[in-house]
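Structure file target-v5.txt with compact mmCIF, C-alpha atoms and all ligand atoms:
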# COMPACT_ATOMS: atom_id res chain seq x y z
CA MET A 191 1.52 -54.19 14.82
CA ASN A 192 -1.31 -53.90 12.28
CA GLN A 193 -1.55 -51.34 9.48
CA GLU A 194 -4.28 -49.35 11.23
CA LEU A 195 -2.02 -48.62 14.20
CA THR A 196 0.93 -47.80 11.95
CA ASP A 197 -1.26 -45.36 10.01
CA GLU A 198 -2.40 -43.77 13.26
CA ILE A 199 1.18 -42.89 14.17
CA ASN A 200 2.12 -41.86 10.63
CA ASN A 201 -0.84 -39.47 10.45
CA VAL A 202 0.28 -37.72 13.62
CA ARG A 203 3.85 -37.64 12.27
CA GLY A 204 2.72 -35.83 9.08
CA LEU A 205 0.56 -33.42 11.04
CA LEU A 206 3.30 -32.49 13.52
CA GLU A 207 6.01 -32.18 10.87
CA ALA A 208 3.83 -29.69 8.99
CA ARG A 209 3.00 -27.77 12.14
CA LEU A 210 6.64 -27.59 13.17
CA LEU A 211 7.36 -25.37 10.15
CA THR A 212 4.88 -22.78 11.37
CA LEU A 213 5.93 -22.64 15.03
CA ASP A 214 8.07 -19.92 16.55
CA ASP A 215 8.74 -22.06 19.61
CA LYS A 216 9.81 -25.30 17.84
CA ARG A 217 10.32 -27.18 21.10
CA SER A 218 6.60 -26.86 21.98
CA ILE A 219 5.89 -29.56 19.36
CA LEU A 220 7.26 -32.11 21.87
CA ARG A 221 4.47 -31.08 24.28
CA SER A 222 1.69 -31.23 21.66
CA ILE A 223 -1.59 -32.86 22.65
CA GLU A 224 -1.40 -35.20 19.63
CA LEU A 225 1.88 -36.68 20.85
CA LYS A 226 0.54 -36.96 24.39
CA ALA A 227 -2.56 -38.73 23.03
CA LEU A 228 -0.35 -41.34 21.36
CA TYR A 229 1.31 -42.10 24.70
CA GLU A 230 -2.12 -42.29 26.38
CA ARG A 231 -3.25 -44.64 23.66
CA ILE A 232 -0.63 -47.28 24.58
CA LYS A 233 -2.55 -48.15 27.74
CA THR A 234 -5.73 -48.88 25.78
CA LEU A 235 -4.16 -51.37 23.37
CA PRO A 236 -4.19 -55.18 23.65
CA ASP A 237 -1.02 -56.45 25.34
CA GLU A 238 0.47 -57.95 22.16
CA ASN A 239 0.53 -54.48 20.50
CA LYS A 240 1.70 -52.37 23.43
CA ALA A 241 5.46 -52.88 23.03
CA ALA A 242 5.63 -52.27 19.27
CA TYR A 243 3.28 -49.29 19.45
CA GLY A 244 5.19 -47.74 22.35
CA GLN A 245 8.44 -48.20 20.46
CA ALA A 246 7.00 -46.50 17.37
CA VAL A 247 5.73 -43.56 19.44
CA ASN A 248 9.15 -43.21 21.10
CA GLU A 249 10.72 -43.32 17.67
CA LEU A 250 8.40 -40.51 16.51
CA ARG A 251 9.34 -38.43 19.55
CA ARG A 252 13.07 -38.92 18.86
CA HIS A 253 12.49 -37.96 15.23
CA LEU A 254 10.68 -34.73 16.24
CA ASP A 255 13.34 -33.96 18.82
CA GLN A 256 15.96 -34.23 16.10
CA LEU A 257 13.98 -31.91 13.78
CA VAL A 258 13.63 -29.37 16.60
CA GLY A 259 17.37 -29.50 17.22
CA GLU A 260 18.11 -28.95 13.53
CA ALA A 261 15.64 -26.04 13.31
CA GLU A 262 17.17 -24.38 16.38
CA GLY A 263 20.67 -24.77 15.00
CA PHE A 264 19.53 -23.29 11.69
CA ALA A 265 17.85 -20.35 13.45
CA GLN A 266 21.06 -19.65 15.36
CA ALA A 267 23.14 -19.70 12.20
CA LEU A 268 20.64 -17.40 10.49
CA ALA A 269 19.94 -14.63 13.00
CA PRO A 270 17.31 -12.19 11.70
CA ILE A 271 18.64 -9.48 9.42
CA ASP A 272 17.69 -5.88 10.09
CA VAL A 273 17.82 -4.40 6.59
CA SER A 274 17.48 -0.89 8.00
CA ALA A 275 20.54 -1.25 10.26
CA PRO A 276 23.46 0.99 9.28
CA PHE A 277 25.87 -1.98 9.40
CA ALA A 278 25.69 -5.77 9.23
CA VAL A 279 24.34 -6.66 12.67
CA ASN A 280 25.70 -10.19 12.36
CA SER A 281 29.28 -9.10 11.87
CA ALA A 282 31.62 -9.71 14.79
CA LYS A 283 31.29 -7.08 17.55
CA ASP A 284 34.82 -5.75 17.16
CA ARG A 285 34.30 -5.28 13.42
CA ARG A 286 31.16 -3.15 13.68
CA PRO A 287 31.35 0.57 13.17
CA GLY A 288 29.89 2.75 15.94
CA LEU A 289 26.31 3.84 15.49
CA LEU A 290 25.95 6.70 13.04
CA PRO A 291 24.90 10.00 14.59
CA ALA A 292 21.19 10.66 14.13
CA ASN A 293 21.82 13.89 12.21
CA TYR A 294 23.09 11.82 9.27
CA GLY A 295 19.51 10.94 8.52
CA SER A 296 16.65 13.12 7.36
CA GLU A 297 13.07 12.77 6.28
CA HIS A 298 12.59 11.57 2.71
CA PRO A 299 11.40 14.43 0.45
CA ILE A 300 8.23 12.52 -0.44
CA MET A 301 7.30 12.38 3.23
CA SER A 302 8.20 15.97 4.08
CA GLU A 303 6.42 17.38 1.00
CA GLN A 304 3.44 15.10 1.54
CA THR A 305 3.12 16.50 5.05
CA LYS A 306 3.02 20.04 3.61
CA ILE A 307 0.42 19.04 1.01
CA LEU A 308 -1.77 17.31 3.58
CA SER A 309 -1.58 20.21 6.01
CA ILE A 310 -2.95 22.52 3.29
CA PHE A 311 -5.96 20.25 2.81
CA LYS A 312 -6.36 19.85 6.55
CA GLY A 313 -6.60 23.62 6.77
CA MET A 314 -9.38 23.47 4.18
CA GLY A 315 -11.37 21.06 6.36
CA PHE A 316 -10.38 17.73 4.78
CA SER A 317 -9.74 14.63 6.89
CA ILE A 318 -6.83 12.35 6.01
CA VAL A 319 -7.11 8.60 5.51
CA GLU A 320 -4.20 6.48 4.35
CA SER A 321 -4.60 4.22 1.33
CA ARG A 322 -3.63 0.54 1.29
CA GLU A 323 -0.99 -1.39 -0.65
CA ILE A 324 -3.02 -4.44 -1.60
CA ASP A 325 -6.63 -4.43 -2.70
CA ASP A 326 -9.32 -6.45 -4.43
CA ASP A 327 -10.85 -6.36 -7.89
CA TRP A 328 -14.09 -4.79 -6.63
CA HIS A 329 -12.39 -1.71 -5.12
CA MET A 330 -9.87 -1.40 -7.96
CA PHE A 331 -12.48 -1.64 -10.73
CA GLY A 332 -16.06 -2.70 -9.92
CA ALA A 333 -16.87 0.00 -7.35
CA LEU A 334 -15.37 2.57 -9.73
CA ASN A 335 -17.78 1.75 -12.52
CA PHE A 336 -15.37 -0.32 -14.64
CA PRO A 337 -17.52 -3.27 -15.76
CA GLU A 338 -15.87 -6.69 -16.25
CA GLY A 339 -13.87 -6.69 -19.48
CA HIS A 340 -14.09 -2.91 -19.90
CA PRO A 341 -11.17 -1.74 -22.09
CA ALA A 342 -10.40 1.13 -19.66
CA ARG A 343 -9.15 -1.53 -17.23
CA ASP A 344 -6.12 -1.93 -19.51
CA ASP A 345 -4.97 1.60 -18.61
CA TYR A 346 -4.23 0.38 -15.09
CA ASP A 347 -1.66 -2.33 -15.69
CA THR A 348 -0.27 -3.26 -12.29
CA PHE A 349 0.89 -6.25 -10.23
CA MET A 350 -1.24 -9.08 -8.91
CA THR A 351 -0.76 -11.85 -6.39
CA ILE A 352 -1.08 -15.56 -7.15
CA GLN A 353 -3.45 -15.89 -4.16
CA THR A 354 -7.08 -15.02 -4.71
CA ASP A 355 -9.73 -13.27 -2.63
CA PRO A 356 -12.93 -15.05 -1.46
CA LYS A 357 -14.51 -14.29 -4.85
CA GLY A 358 -11.68 -16.06 -6.67
CA LYS A 359 -10.12 -12.83 -7.99
CA GLN A 360 -6.42 -12.14 -7.64
CA TRP A 361 -5.35 -9.49 -5.12
CA ILE A 362 -4.07 -6.31 -6.75
CA ALA A 363 -1.30 -3.84 -5.91
CA PRO A 364 -3.44 -0.69 -6.42
CA ALA A 365 -2.65 1.28 -9.57
CA HIS A 366 -4.29 4.37 -8.08
CA THR A 367 -5.60 5.70 -4.80
CA SER A 368 -9.13 5.78 -6.25
CA THR A 369 -9.47 2.21 -4.90
CA MET A 370 -10.32 3.95 -1.61
CA GLN A 371 -13.31 5.93 -2.94
CA ASN A 372 -15.96 3.32 -2.19
CA ARG A 373 -14.59 2.71 1.32
CA ILE A 374 -14.48 6.43 2.11
CA LEU A 375 -18.01 7.01 0.84
CA GLU A 376 -19.36 4.09 2.87
CA ARG A 377 -17.41 5.02 5.99
CA TYR A 378 -18.46 8.68 6.01
CA LYS A 379 -22.03 8.16 4.79
CA PRO A 380 -23.51 8.44 8.33
CA GLU A 381 -21.93 11.88 8.67
CA LEU A 382 -23.29 12.89 5.29
CA ASP A 383 -26.75 11.77 6.43
CA GLY A 384 -26.20 13.92 9.51
CA GLY A 385 -25.65 17.00 7.35
CA GLN A 386 -21.82 17.01 7.21
CA PRO A 387 -20.19 16.91 3.78
CA ILE A 388 -17.65 14.15 3.11
CA ALA A 389 -14.23 15.80 2.67
CA VAL A 390 -11.28 13.41 2.70
CA VAL A 391 -7.83 13.26 1.14
CA ILE A 392 -6.17 9.88 0.81
CA PRO A 393 -2.42 9.67 0.32
CA GLY A 394 -0.94 6.31 -0.61
CA ARG A 395 1.66 4.30 -2.46
CA VAL A 396 0.57 2.94 -5.85
CA PHE A 397 2.05 0.60 -8.44
CA ARG A 398 2.15 0.27 -12.21
CA ASN A 399 3.73 -2.18 -14.59
CA GLU A 400 5.70 0.58 -16.33
CA ASP A 401 8.67 0.83 -18.60
CA VAL A 402 10.65 2.86 -16.08
CA ASP A 403 12.16 6.14 -17.31
CA ALA A 404 12.69 9.71 -16.07
CA ARG A 405 8.91 10.27 -15.99
CA HIS A 406 7.60 6.80 -15.07
CA GLU A 407 8.16 4.67 -11.98
CA HIS A 408 6.70 1.30 -11.05
CA THR A 409 6.14 2.56 -7.49
CA PHE A 410 5.00 6.07 -6.71
CA TYR A 411 2.71 8.12 -4.48
CA GLN A 412 -0.70 9.51 -5.17
CA MET A 413 -3.22 11.56 -3.32
CA GLU A 414 -6.93 11.10 -3.85
CA GLY A 415 -9.44 13.74 -2.90
CA VAL A 416 -13.14 13.08 -2.33
CA TYR A 417 -15.80 15.68 -1.55
CA VAL A 418 -19.54 14.94 -1.39
CA GLY A 419 -22.37 17.14 -0.21
CA GLU A 420 -25.49 18.94 -1.34
CA ASN A 421 -25.34 21.43 -4.21
CA VAL A 422 -21.72 20.60 -5.04
CA SER A 423 -20.64 21.80 -8.46
CA ILE A 424 -17.66 21.63 -10.72
CA GLY A 425 -16.93 25.21 -9.63
CA ASN A 426 -16.23 23.89 -6.10
CA LEU A 427 -13.81 21.33 -7.56
CA ILE A 428 -11.85 23.92 -9.53
CA ALA A 429 -11.77 26.38 -6.62
CA THR A 430 -10.53 23.69 -4.22
CA LEU A 431 -7.67 22.63 -6.48
CA LYS A 432 -6.72 26.20 -7.38
CA THR A 433 -6.60 27.16 -3.70
CA PHE A 434 -4.40 24.17 -2.98
CA LEU A 435 -1.98 24.87 -5.86
CA GLU A 436 -1.61 28.54 -4.92
CA SER A 437 -0.91 27.58 -1.34
CA TYR A 438 1.63 24.88 -2.26
CA TYR A 439 3.51 26.90 -4.88
CA GLU A 440 3.07 30.14 -2.91
CA THR A 441 2.05 32.16 -5.92
CA GLU A 442 -1.07 33.07 -7.85
CA ILE A 443 -1.90 30.35 -10.36
CA LYS A 444 -4.11 30.21 -13.42
CA VAL A 445 -5.93 26.96 -14.04
CA ARG A 446 -7.47 25.30 -17.08
CA THR A 447 -9.58 22.19 -17.54
CA GLN A 448 -10.09 20.04 -20.60
CA PRO A 449 -12.53 17.17 -21.12
CA PHE A 450 -11.13 13.73 -20.37
CA TYR A 451 -12.46 10.24 -19.68
CA PHE A 452 -12.52 8.19 -16.49
CA PRO A 453 -15.26 5.59 -15.87
CA PHE A 454 -15.70 6.84 -12.29
CA THR A 455 -16.31 10.55 -12.97
CA GLU A 456 -18.80 12.31 -15.21
CA PRO A 457 -17.80 14.76 -16.54
CA SER A 458 -14.09 13.94 -16.27
CA LEU A 459 -11.46 16.63 -16.57
CA GLU A 460 -7.77 17.00 -17.08
CA PHE A 461 -6.60 19.80 -14.84
CA SER A 462 -3.68 22.05 -15.86
CA MET A 463 -2.05 25.03 -14.22
CA GLY A 464 -0.52 28.04 -15.89
CA CYS A 465 3.25 27.56 -15.65
CA PRO A 466 4.35 29.50 -12.55
CA PHE A 467 8.03 29.24 -13.54
CA CYS A 468 7.86 31.39 -16.68
CA ASN A 469 4.61 33.23 -16.00
CA GLN A 470 3.21 31.33 -18.98
CA LYS A 471 5.73 32.80 -21.38
CA GLY A 472 7.00 29.32 -22.18
CA CYS A 473 9.94 27.46 -20.66
CA ARG A 474 11.48 24.00 -20.49
CA VAL A 475 9.30 22.91 -17.56
CA CYS A 476 6.05 23.58 -19.45
CA SER A 477 7.49 22.41 -22.79
CA HIS A 478 7.08 26.02 -23.98
CA SER A 479 3.28 25.72 -23.87
CA GLY A 480 2.70 27.87 -20.77
CA TRP A 481 0.56 25.08 -19.25
CA ILE A 482 1.41 22.06 -17.11
CA GLU A 483 -0.94 19.08 -16.77
CA MET A 484 -1.33 18.40 -13.08
CA LEU A 485 -4.00 15.79 -12.46
CA GLY A 486 -7.23 14.06 -13.40
CA CYS A 487 -10.53 14.91 -11.75
CA GLY A 488 -14.25 15.19 -12.22
CA MET A 489 -17.68 14.93 -10.69
CA ILE A 490 -18.16 11.53 -9.03
CA HIS A 491 -20.21 9.24 -11.31
CA PRO A 492 -23.75 8.59 -9.94
CA ASN A 493 -23.05 4.82 -10.08
CA VAL A 494 -20.05 5.23 -7.76
CA LEU A 495 -22.20 7.10 -5.23
CA GLN A 496 -24.93 4.49 -5.58
CA TYR A 497 -22.50 1.57 -5.00
CA ALA A 498 -21.76 3.16 -1.61
CA GLY A 499 -25.45 3.59 -0.84
CA ILE A 500 -25.47 7.37 -1.35
CA ASP A 501 -28.53 8.98 -2.94
CA HIS A 502 -27.17 10.58 -6.12
CA ASP A 503 -30.27 12.68 -6.61
CA LYS A 504 -29.71 14.41 -3.29
CA TYR A 505 -25.91 14.53 -3.20
CA GLN A 506 -23.16 15.33 -5.67
CA GLY A 507 -19.43 15.09 -5.28
CA PHE A 508 -16.10 15.63 -6.90
CA ALA A 509 -12.89 13.64 -6.78
CA TRP A 510 -9.36 13.98 -8.02
CA GLY A 511 -6.24 11.85 -8.11
CA CYS A 512 -2.74 13.21 -8.48
CA GLY A 513 0.86 12.03 -8.32
CA ILE A 514 2.70 13.47 -5.34
CA GLU A 515 6.13 13.18 -6.97
CA ARG A 516 4.90 15.39 -9.81
CA PHE A 517 4.15 18.27 -7.41
CA ILE A 518 7.53 17.90 -5.74
CA MET A 519 9.42 17.60 -9.03
CA LEU A 520 7.90 20.84 -10.29
CA LYS A 521 8.49 22.66 -7.03
CA HIS A 522 12.12 21.65 -6.72
CA GLY A 523 13.12 21.33 -10.37
CA ILE A 524 13.72 17.55 -10.17
CA GLU A 525 13.94 16.08 -13.63
CA ASP A 526 14.05 12.34 -12.96
CA ILE A 527 11.36 10.58 -10.91
CA ARG A 528 13.71 7.60 -10.34
CA LEU A 529 15.78 9.71 -7.93
CA PHE A 530 13.08 9.37 -5.26
CA GLU A 531 13.51 5.60 -4.92
CA SER A 532 17.22 5.56 -5.75
CA GLY A 533 18.54 5.91 -2.18
CA ARG A 534 21.15 8.34 -3.53
CA LEU A 535 22.46 10.34 -0.60
CA ASP A 536 23.54 13.33 -2.73
CA PHE A 537 19.92 13.69 -3.83
CA LEU A 538 18.36 13.08 -0.40
CA ARG A 539 20.73 15.37 1.50
CA GLN A 540 19.52 18.38 -0.46
CA PHE A 541 16.23 18.03 1.41
CA SER A 542 17.61 17.51 4.91
CA LEU A 543 17.45 20.37 7.37
CA GLY A 544 20.47 22.62 7.09
CA GLY A 545 21.15 21.42 3.56
CA GLY A 546 22.56 18.10 4.65
CA SER A 547 26.06 19.28 5.46
CA GLN A 548 26.90 15.83 6.87
ZN ZN A 601 6.93 27.48 -18.21
Show me the file's structure as structure tokens.
Ligand SMILES: [Zn+2]
Amino acid sequence: MNQELTDEINNVRGLLEARLLTLDDKRSILRSIELKALYERIKTLPDENKAAYGQAVNELRRHLDQLVGEAEGFAQALAPIDVSAPFAVNSAKDRRPGLLPANYGSEHPIMSEQTKILSIFKGMGFSIVESREIDDDWHMFGALNFPEGHPARDDYDTFMTIQTDPKGKQWIAPAHTSTMQNRILERYKPELDGGQPIAVVIPGRVFRNEDVDARHEHTFYQMEGVYVGENVSIGNLIATLKTFLESYYETEIKVRTQPFYFPFTEPSLEFSMGCPFCNQKGCRVCSHSGWIEMLGCGMIHPNVLQYAGIDHDKYQGFAWGCGIERFIMLKHGIEDIRLFESGRLDFLRQFSLGGGSQ
């Protein structure tokens, strides 16, 4: 049999071996059209080649059959693992504990507190859109007015994938929920044009390359707020956040702003609240200053509005971004942010209904 015919079979062999790795139903490789085509091809060959070619195709089929058998055996030995199962599902039946009663579990405090926070904003007319856990360079930086090489990019040191997006940039685990601003502005622009302000809060999980300690986690939750309309001022921003804080902490709260810098807001502000735990007399929570820094905010930069096709002469907006854990830590006197991701039952059970008596 000549080299051309040998190559023909070897090409199909390489193709099918590669495909086999991706198939859920391994056995379907034996019914593939490429293999069938090789059998069909036998008939078309000159007589002197038919026997050798047919033998080689049979050999390929046996080879694939063997690979399928091995893959099936491997799959049986390695049944899928359910990491959320309360026991090892692959352990022998008589060695498994009974299922745990459902009342052993409870909602994670981040989720239950986030629900409270979101319901306050819902009551104020905000819609809720969830953030995403992987994003591109444009939404992380470009659309937020961070030019290429801008030093402010260094403040958002996070994780990246090896794979790249269609523009050749690495995918990014978002370092803040502000990555959603451009999407929200574009998505709600038709409503803005129809006379409705854009009012959206965006909760989401974010990531930073941090030296982890009691105040810093590599994975945490943020909530972004975006409001755009006509005649929107910084007074609206402050009133919105003050109303939220008073509702969440169920007490009257003084607020203070100081100038800050973000590329995507102008002016940018650091927003603090008067310490509600000592009535601003000074305590451990507020480091005896009477004030607690809560979040960053500001008026949305005209460039950011423009990138989403919004006329910045006609419309103005404000935005803020805040860490959800920070609100919860202050409310419940939690001193170490690492507890949230620790899986420690003694910590979690304090938040379960009925005080977690189980
Ligand atoms: Zn205090």
Report the closest atom pair, with its distance in Å rounded to one decimal, for each residue of chain A that has an atom no farther than 10 Å from ligand ZN 601 (chain A); count all atoms listed in the file, sort by chain and then rising residue number, and write it as a Markdown table.
| residue | atom | partner | partner_atom | distance |
| --- | --- | --- | --- | --- |
| A:Gly464 | CA | A:ZN601 | ZN | 7.8 |
| A:Cys465 | CA | A:ZN601 | ZN | 4.5 |
| A:Pro466 | CA | A:ZN601 | ZN | 6.5 |
| A:Phe467 | CA | A:ZN601 | ZN | 5.1 |
| A:Cys468 | CA | A:ZN601 | ZN | 4.3 |
| A:Asn469 | CA | A:ZN601 | ZN | 6.6 |
| A:Gln470 | CA | A:ZN601 | ZN | 5.4 |
| A:Lys471 | CA | A:ZN601 | ZN | 6.3 |
| A:Gly472 | CA | A:ZN601 | ZN | 4.4 |
| A:Cys473 | CA | A:ZN601 | ZN | 3.9 |
| A:Arg474 | CA | A:ZN601 | ZN | 6.2 |
| A:Val475 | CA | A:ZN601 | ZN | 5.2 |
| A:Cys476 | CA | A:ZN601 | ZN | 4.2 |
| A:Ser477 | CA | A:ZN601 | ZN | 6.9 |
| A:His478 | CA | A:ZN601 | ZN | 6.0 |
| A:Ser479 | CA | A:ZN601 | ZN | 7.0 |
| A:Gly480 | CA | A:ZN601 | ZN | 5.0 |
| A:Trp481 | CA | A:ZN601 | ZN | 6.9 |
| A:Ile482 | CA | A:ZN601 | ZN | 7.8 |
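Among the candidate residues A:Arg209, A:Arg528, A:Arg203, A:Lys432, the one lying nearest to Lys444 in chain A is A:Lys432, with distances computed using all atoms listed in the file.
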Shell of 8 Å around range 507-521 of chain A, only C-alpha atoms, local chain residues under 5 positions omitted, as a ChimeraX atom specification: /A:300,303-304,366-368,410-419,422-424,427,439,455,475,484-490,527
Between CA of Val273 in chain A and CA of Glu260 in chain A, distance in Å (one decimal): 25.5 Å
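Here CA of Val402 in chain A and CA of Ile318 in chain A stand 29.7 Å from one another.
CA of Asn335 in chain A to CA of Phe454 in chain A spans 5.5 Å [interatomic distance, one decimal].
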Residues near Asn192 in chain A, cut-off 12 Å, only C-alpha atoms, skip fewer than 6 positions along chain, as a ChimeraX atom specification: /A:198-199,235-236,238-240,242-243
9 Å contact set for Lys312 in chain A, all atoms listed in the file, chain neighbours under 5 positions out, as an MDAnalysis selection string: chainID A and resid 307 317:318 390:391
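Closest approach to Ala404 in chain A from the set A:Gln245, A:Ile374, A:Asp526, A:Gly204 is made by A:Asp526, with distances taken over all atoms listed in the file.
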Near range 338-353 of chain A, 10 Å: range 305-331 of chain A residue rows, closest pairs, all atoms listed in the file, as CSV:
residue,atom,partner,partner_atom,distance
A:Ile324,CA,A:Met350,CA,8.8
A:Asp325,CA,A:Met350,CA,9.4
A:Asp326,CA,A:Met350,CA,9.6
A:Asp327,CA,A:Glu338,CA,9.8
A:Trp328,CA,A:Glu338,CA,10.0
A:Met330,CA,A:Tyr346,CA,9.3
A:Phe331,CA,A:Arg343,CA,7.3
Would you save the residues of that selection, restricted to C-alpha atoms, as an mmCIF file, in the frame of the given file?
data_model
loop_
_atom_site.group_PDB
_atom_site.id
_atom_site.type_symbol
_atom_site.label_atom_id
_atom_site.label_comp_id
_atom_site.auth_asym_id
_atom_site.auth_seq_id
_atom_site.Cartn_x
_atom_site.Cartn_y
_atom_site.Cartn_z
ATOM 1 C CA ILE A 324 -3.020 -4.440 -1.600
ATOM 2 C CA ASP A 325 -6.630 -4.430 -2.700
ATOM 3 C CA ASP A 326 -9.320 -6.450 -4.430
ATOM 4 C CA ASP A 327 -10.850 -6.360 -7.890
ATOM 5 C CA TRP A 328 -14.090 -4.790 -6.630
ATOM 6 C CA MET A 330 -9.870 -1.400 -7.960
ATOM 7 C CA PHE A 331 -12.480 -1.640 -10.730
#
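With distances restricted to all atoms listed in the file, A:Gln371 is the closest residue to Ser321 in chain A from A:Ser309, A:Asp284, A:Lys359, A:Gln371.
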Counting all atoms listed in the file, the option among A:Pro449, A:Pro356, A:Pro492, A:Gly425 closest to Gln506 in chain A: A:Pro492
Within 12 Å of Asp214 in chain A using only C-alpha atoms, minus same-chain residues under 5 positions, as a PyMOL selection string: chain A and resi 209+219+258+261-262+265
A:Arg446, A:His329, A:Arg534, A:His406 ranked by distance to His298 in chain A, top pick (using all atoms listed in the file): A:Arg534
